[in-house]
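Structure first, commentary second.
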Amino acid sequence: GAVVSQHPSRVICKSGTSVKIECRSLDFQATTMFWYRQFPKKSLMLMATSNEGSKATYEQGVEKDKFLINHASLTLSTLTVTSAHPEDSSFYICSASALASYNEQFFGPGTRLTVL
Amino acid sequence: AQSVTQLGSHVSVSEGALVLLRCNYSSSVPPYLFWYVQYPNQGLQLLLKYTSAATLVKGINGFEAEFKKSETSFHLTKPSAHMSDAAEYFCAVSLMDSSYKLIFGSGTRLLVRP
């Protein structure tokens with residue numbers, strides 16, 4: 001149980017375009033979803049926290065107009081990187097948690113974004 | 001405020017040797033602690049978690065960790081390393097509030113020599 005999927009797993013796009021990444025909890029209802037960014041050989045940096053049906057809470061320094069997060073249902077959250085630039089290239093990982101899971105987060109497999 | 005420190009960005013062991021990955025935490029309240037493993041280009045997989053029950057926690061793949069309040073530590077061990085254990089390991093502490101945020105350590109890369 002507690003499976004989280006991400007789509008796509010890899011995406012290459014041109015500078016200036018927008019990219020949408022989906023995060024789905026497949027077998028549980030995720031009250032909260034998190035989006036992380038991971039630079040090469042670095043730890044995970046939390047970008048934002050989203051609760052179903054409400055606006056995402058962004059961490060300090062993360063541009064909310066650049067990284068649009070939507071959490072429309074208890075099983076789906078999306079991250080849209082708007083007007084992507086090469087510096088947005090990174091590994092993006094989502095996670096999901098449920099109320100009864102002792103604060104445990106279940107992680108998706110990640111999405112590798114490359115902006116040319 | 002909660003924080004996590006992982007000592008050693010790289011740990012190298014021989015196959016069959018003991019694995020010890022260190023994690024110290026800082027928390028003003030009893031913490032929930034986690035160890036995750038990450039293989040290249042993959043997400044994080046939970047190895048084990050401490051949620052204020054037994055102080056010795058057994059996880060998957062033969063790993064275990066012991067919560068020591070007096071030392072504010074939660075070190076990860078495995079008696080005998082296997083080549084497949086080579087990966088990045090992250091210790092994390094949960095913020096004990098309604099945000100459910102995790103604070104991650106900087107990670108330790110485990111190398112296993114044949």
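In the structure tokens, the first chain shown is A, the next is B, and so on; residue numbers restart at 1 for each chain, and ligands run from 1 in the order shown.
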
So that each row is one residue of chain A with an atom at most 10 Å from chain B, can you give its shortest atom pair and the distance in Å to one decimal, using only C-alpha atoms, rows by chain and rising number, as CSV?
residue,atom,partner,partner_atom,distance
A:Val4,CA,B:Gly43,CA,9.8
A:Ser5,CA,B:Gly43,CA,9.9
A:Gln6,CA,B:Gly43,CA,9.8
A:Ser9,CA,B:Gln42,CA,9.4
A:Thr32,CA,B:Tyr100,CA,8.0
A:Met33,CA,B:Tyr100,CA,9.5
A:Phe34,CA,B:Lys101,CA,8.2
A:Pro40,CA,B:Asn41,CA,10.0
A:Lys41,CA,B:Gly107,CA,8.7
A:Lys42,CA,B:Ser106,CA,6.7
A:Ser43,CA,B:Ser106,CA,5.1
A:Leu44,CA,B:Phe104,CA,6.9
A:Met45,CA,B:Phe104,CA,8.3
A:Leu46,CA,B:Leu102,CA,8.5
A:Ala48,CA,B:Lys101,CA,9.7
A:Thr49,CA,B:Ser99,CA,7.9
A:Ser50,CA,B:Ser99,CA,9.6
A:Asn51,CA,B:Ser99,CA,9.6
A:Thr57,CA,B:Ser99,CA,9.7
A:Phe91,CA,B:Asn41,CA,8.1
A:Tyr92,CA,B:Gly43,CA,9.1
A:Ile93,CA,B:Gly43,CA,6.6
A:Cys94,CA,B:Gly43,CA,8.4
A:Ser95,CA,B:Leu44,CA,9.1
A:Ala96,CA,B:Tyr100,CA,9.9
A:Ser97,CA,B:Tyr100,CA,7.9
A:Ala98,CA,B:Tyr100,CA,9.4
A:Leu99,CA,B:Tyr100,CA,9.1
A:Tyr102,CA,B:Thr51,CA,7.0
A:Asn103,CA,B:Tyr100,CA,5.4
A:Glu104,CA,B:Tyr100,CA,8.0
A:Gln105,CA,B:Leu102,CA,8.1
A:Phe106,CA,B:Gln45,CA,7.7
A:Phe107,CA,B:Leu44,CA,5.6
A:Gly108,CA,B:Gly43,CA,5.5
A:Pro109,CA,B:Gly43,CA,3.9
A:Gly110,CA,B:Gly43,CA,5.2
A:Thr111,CA,B:Asn41,CA,8.5
A:Arg112,CA,B:Asn41,CA,7.9

List every residue of chain B that DSSP, applied to the backbone of this structure, assigns to strand (DSSP E), and report them as a count of residues only. 59

Just list as a list in words whatever in chain B DSSP marks as helix (DSSP H, G or I). Ile60, Asn61, Gly62, Met83, Ser84 and Asp85 of chain B

Interatomic distance between CA of Phe39 in chain A and CA of Val115 in chain A? 14.2 Å

List as a PDB file with N, CA and C atoms, in the first residue's frame the protein and nucleic acid residues near range 52-59 of chain B, meaning an atom at most 10 Å away when only C-alpha atoms are counted, but skip any in the same chain fewer than 3 places from it.
ATOM      1  N   PRO B  30       9.326  15.487  21.929  1.00  0.00           N
ATOM      2  CA  PRO B  30       9.648  14.130  21.444  1.00  0.00           C
ATOM      3  C   PRO B  30       9.418  14.032  19.944  1.00  0.00           C
ATOM      4  N   PRO B  31      10.443  13.616  19.215  1.00  0.00           N
ATOM      5  CA  PRO B  31      10.331  13.656  17.761  1.00  0.00           C
ATOM      6  C   PRO B  31       9.822  12.362  17.151  1.00  0.00           C
ATOM      7  N   TYR B  32       9.362  12.470  15.917  1.00  0.00           N
ATOM      8  CA  TYR B  32       9.223  11.312  15.055  1.00  0.00           C
ATOM      9  C   TYR B  32      10.430  11.354  14.115  1.00  0.00           C
ATOM     10  N   LEU B  33      11.101  10.224  13.954  1.00  0.00           N
ATOM     11  CA  LEU B  33      12.327  10.181  13.171  1.00  0.00           C
ATOM     12  C   LEU B  33      12.221   9.124  12.090  1.00  0.00           C
ATOM     13  N   TRP B  35      14.310   7.173   8.576  1.00  0.00           N
ATOM     14  CA  TRP B  35      15.422   6.951   7.661  1.00  0.00           C
ATOM     15  C   TRP B  35      14.834   6.558   6.307  1.00  0.00           C
ATOM     16  N   LEU B  46      11.050   4.516   2.372  1.00  0.00           N
ATOM     17  CA  LEU B  46      11.179   4.473   3.827  1.00  0.00           C
ATOM     18  C   LEU B  46      11.865   3.179   4.263  1.00  0.00           C
ATOM     19  N   LEU B  47      12.919   3.343   5.070  1.00  0.00           N
ATOM     20  CA  LEU B  47      13.594   2.187   5.654  1.00  0.00           C
ATOM     21  C   LEU B  47      12.970   1.823   6.999  1.00  0.00           C
ATOM     22  N   LEU B  48      12.781   2.849   7.834  1.00  0.00           N
ATOM     23  CA  LEU B  48      12.209   2.632   9.153  1.00  0.00           C
ATOM     24  C   LEU B  48      11.815   3.972   9.752  1.00  0.00           C
ATOM     25  N   LYS B  49      11.032   3.884  10.833  1.00  0.00           N
ATOM     26  CA  LYS B  49      10.584   5.104  11.490  1.00  0.00           C
ATOM     27  C   LYS B  49      10.464   4.884  12.995  1.00  0.00           C
ATOM     28  N   GLY B  62      17.086  -5.493   6.441  1.00  0.00           N
ATOM     29  CA  GLY B  62      18.014  -5.798   7.518  1.00  0.00           C
ATOM     30  C   GLY B  62      18.524  -4.600   8.292  1.00  0.00           C
ATOM     31  N   PHE B  63      18.024  -3.428   8.010  1.00  0.00           N
ATOM     32  CA  PHE B  63      18.456  -2.226   8.722  1.00  0.00           C
ATOM     33  C   PHE B  63      17.694  -2.056  10.039  1.00  0.00           C
ATOM     34  N   GLU B  64      18.332  -1.435  10.982  1.00  0.00           N
ATOM     35  CA  GLU B  64      17.683  -1.053  12.219  1.00  0.00           C
ATOM     36  C   GLU B  64      18.302   0.230  12.744  1.00  0.00           C
ATOM     37  N   ALA B  65      17.586   0.882  13.624  1.00  0.00           N
ATOM     38  CA  ALA B  65      18.081   2.122  14.225  1.00  0.00           C
ATOM     39  C   ALA B  65      17.616   2.173  15.662  1.00  0.00           C
ATOM     40  N   GLU B  66      18.436   2.801  16.488  1.00  0.00           N
ATOM     41  CA  GLU B  66      18.098   2.916  17.903  1.00  0.00           C
ATOM     42  C   GLU B  66      17.956   4.376  18.288  1.00  0.00           C
ATOM     43  N   PHE B  67      16.827   4.703  18.857  1.00  0.00           N
ATOM     44  CA  PHE B  67      16.580   6.056  19.350  1.00  0.00           C
ATOM     45  C   PHE B  67      17.201   6.187  20.729  1.00  0.00           C
ATOM     46  N   LYS B  68      18.143   7.118  20.862  1.00  0.00           N
ATOM     47  CA  LYS B  68      18.784   7.377  22.147  1.00  0.00           C
ATOM     48  C   LYS B  68      18.545   8.825  22.519  1.00  0.00           C
ATOM     49  N   LYS B  69      17.623   9.014  23.431  1.00  0.00           N
ATOM     50  CA  LYS B  69      17.256  10.372  23.818  1.00  0.00           C
ATOM     51  C   LYS B  69      18.427  11.101  24.474  1.00  0.00           C
ATOM     52  N   PHE B  74      19.953   8.871  16.379  1.00  0.00           N
ATOM     53  CA  PHE B  74      19.103   7.868  15.741  1.00  0.00           C
ATOM     54  C   PHE B  74      19.934   7.243  14.624  1.00  0.00           C
ATOM     55  N   LEU B  76      21.696   4.624  12.100  1.00  0.00           N
ATOM     56  CA  LEU B  76      21.215   3.498  11.284  1.00  0.00           C
ATOM     57  C   LEU B  76      22.319   2.448  11.184  1.00  0.00           C
ATOM     58  N   THR B  77      21.956   1.199  11.399  1.00  0.00           N
ATOM     59  CA  THR B  77      22.956   0.137  11.320  1.00  0.00           C
ATOM     60  C   THR B  77      22.439  -1.043  10.529  1.00  0.00           C
ATOM     61  N   LYS B  78      23.408  -1.805  10.030  1.00  0.00           N
ATOM     62  CA  LYS B  78      23.107  -3.080   9.393  1.00  0.00           C
ATOM     63  C   LYS B  78      24.314  -3.974   9.639  1.00  0.00           C
TER      64      LYS B  78
END

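As for CA of His85 in chain A and CA of Phe67 in chain A, they are spaced 12.1 Å apart.
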
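All residues of protein, DNA or RNA that reach within 7 Å of His7 in chain A, judged by only C-alpha atoms and not counting those fewer than 3 positions away in the chain, are Ile21, Glu22 and Cys23 of chain A.
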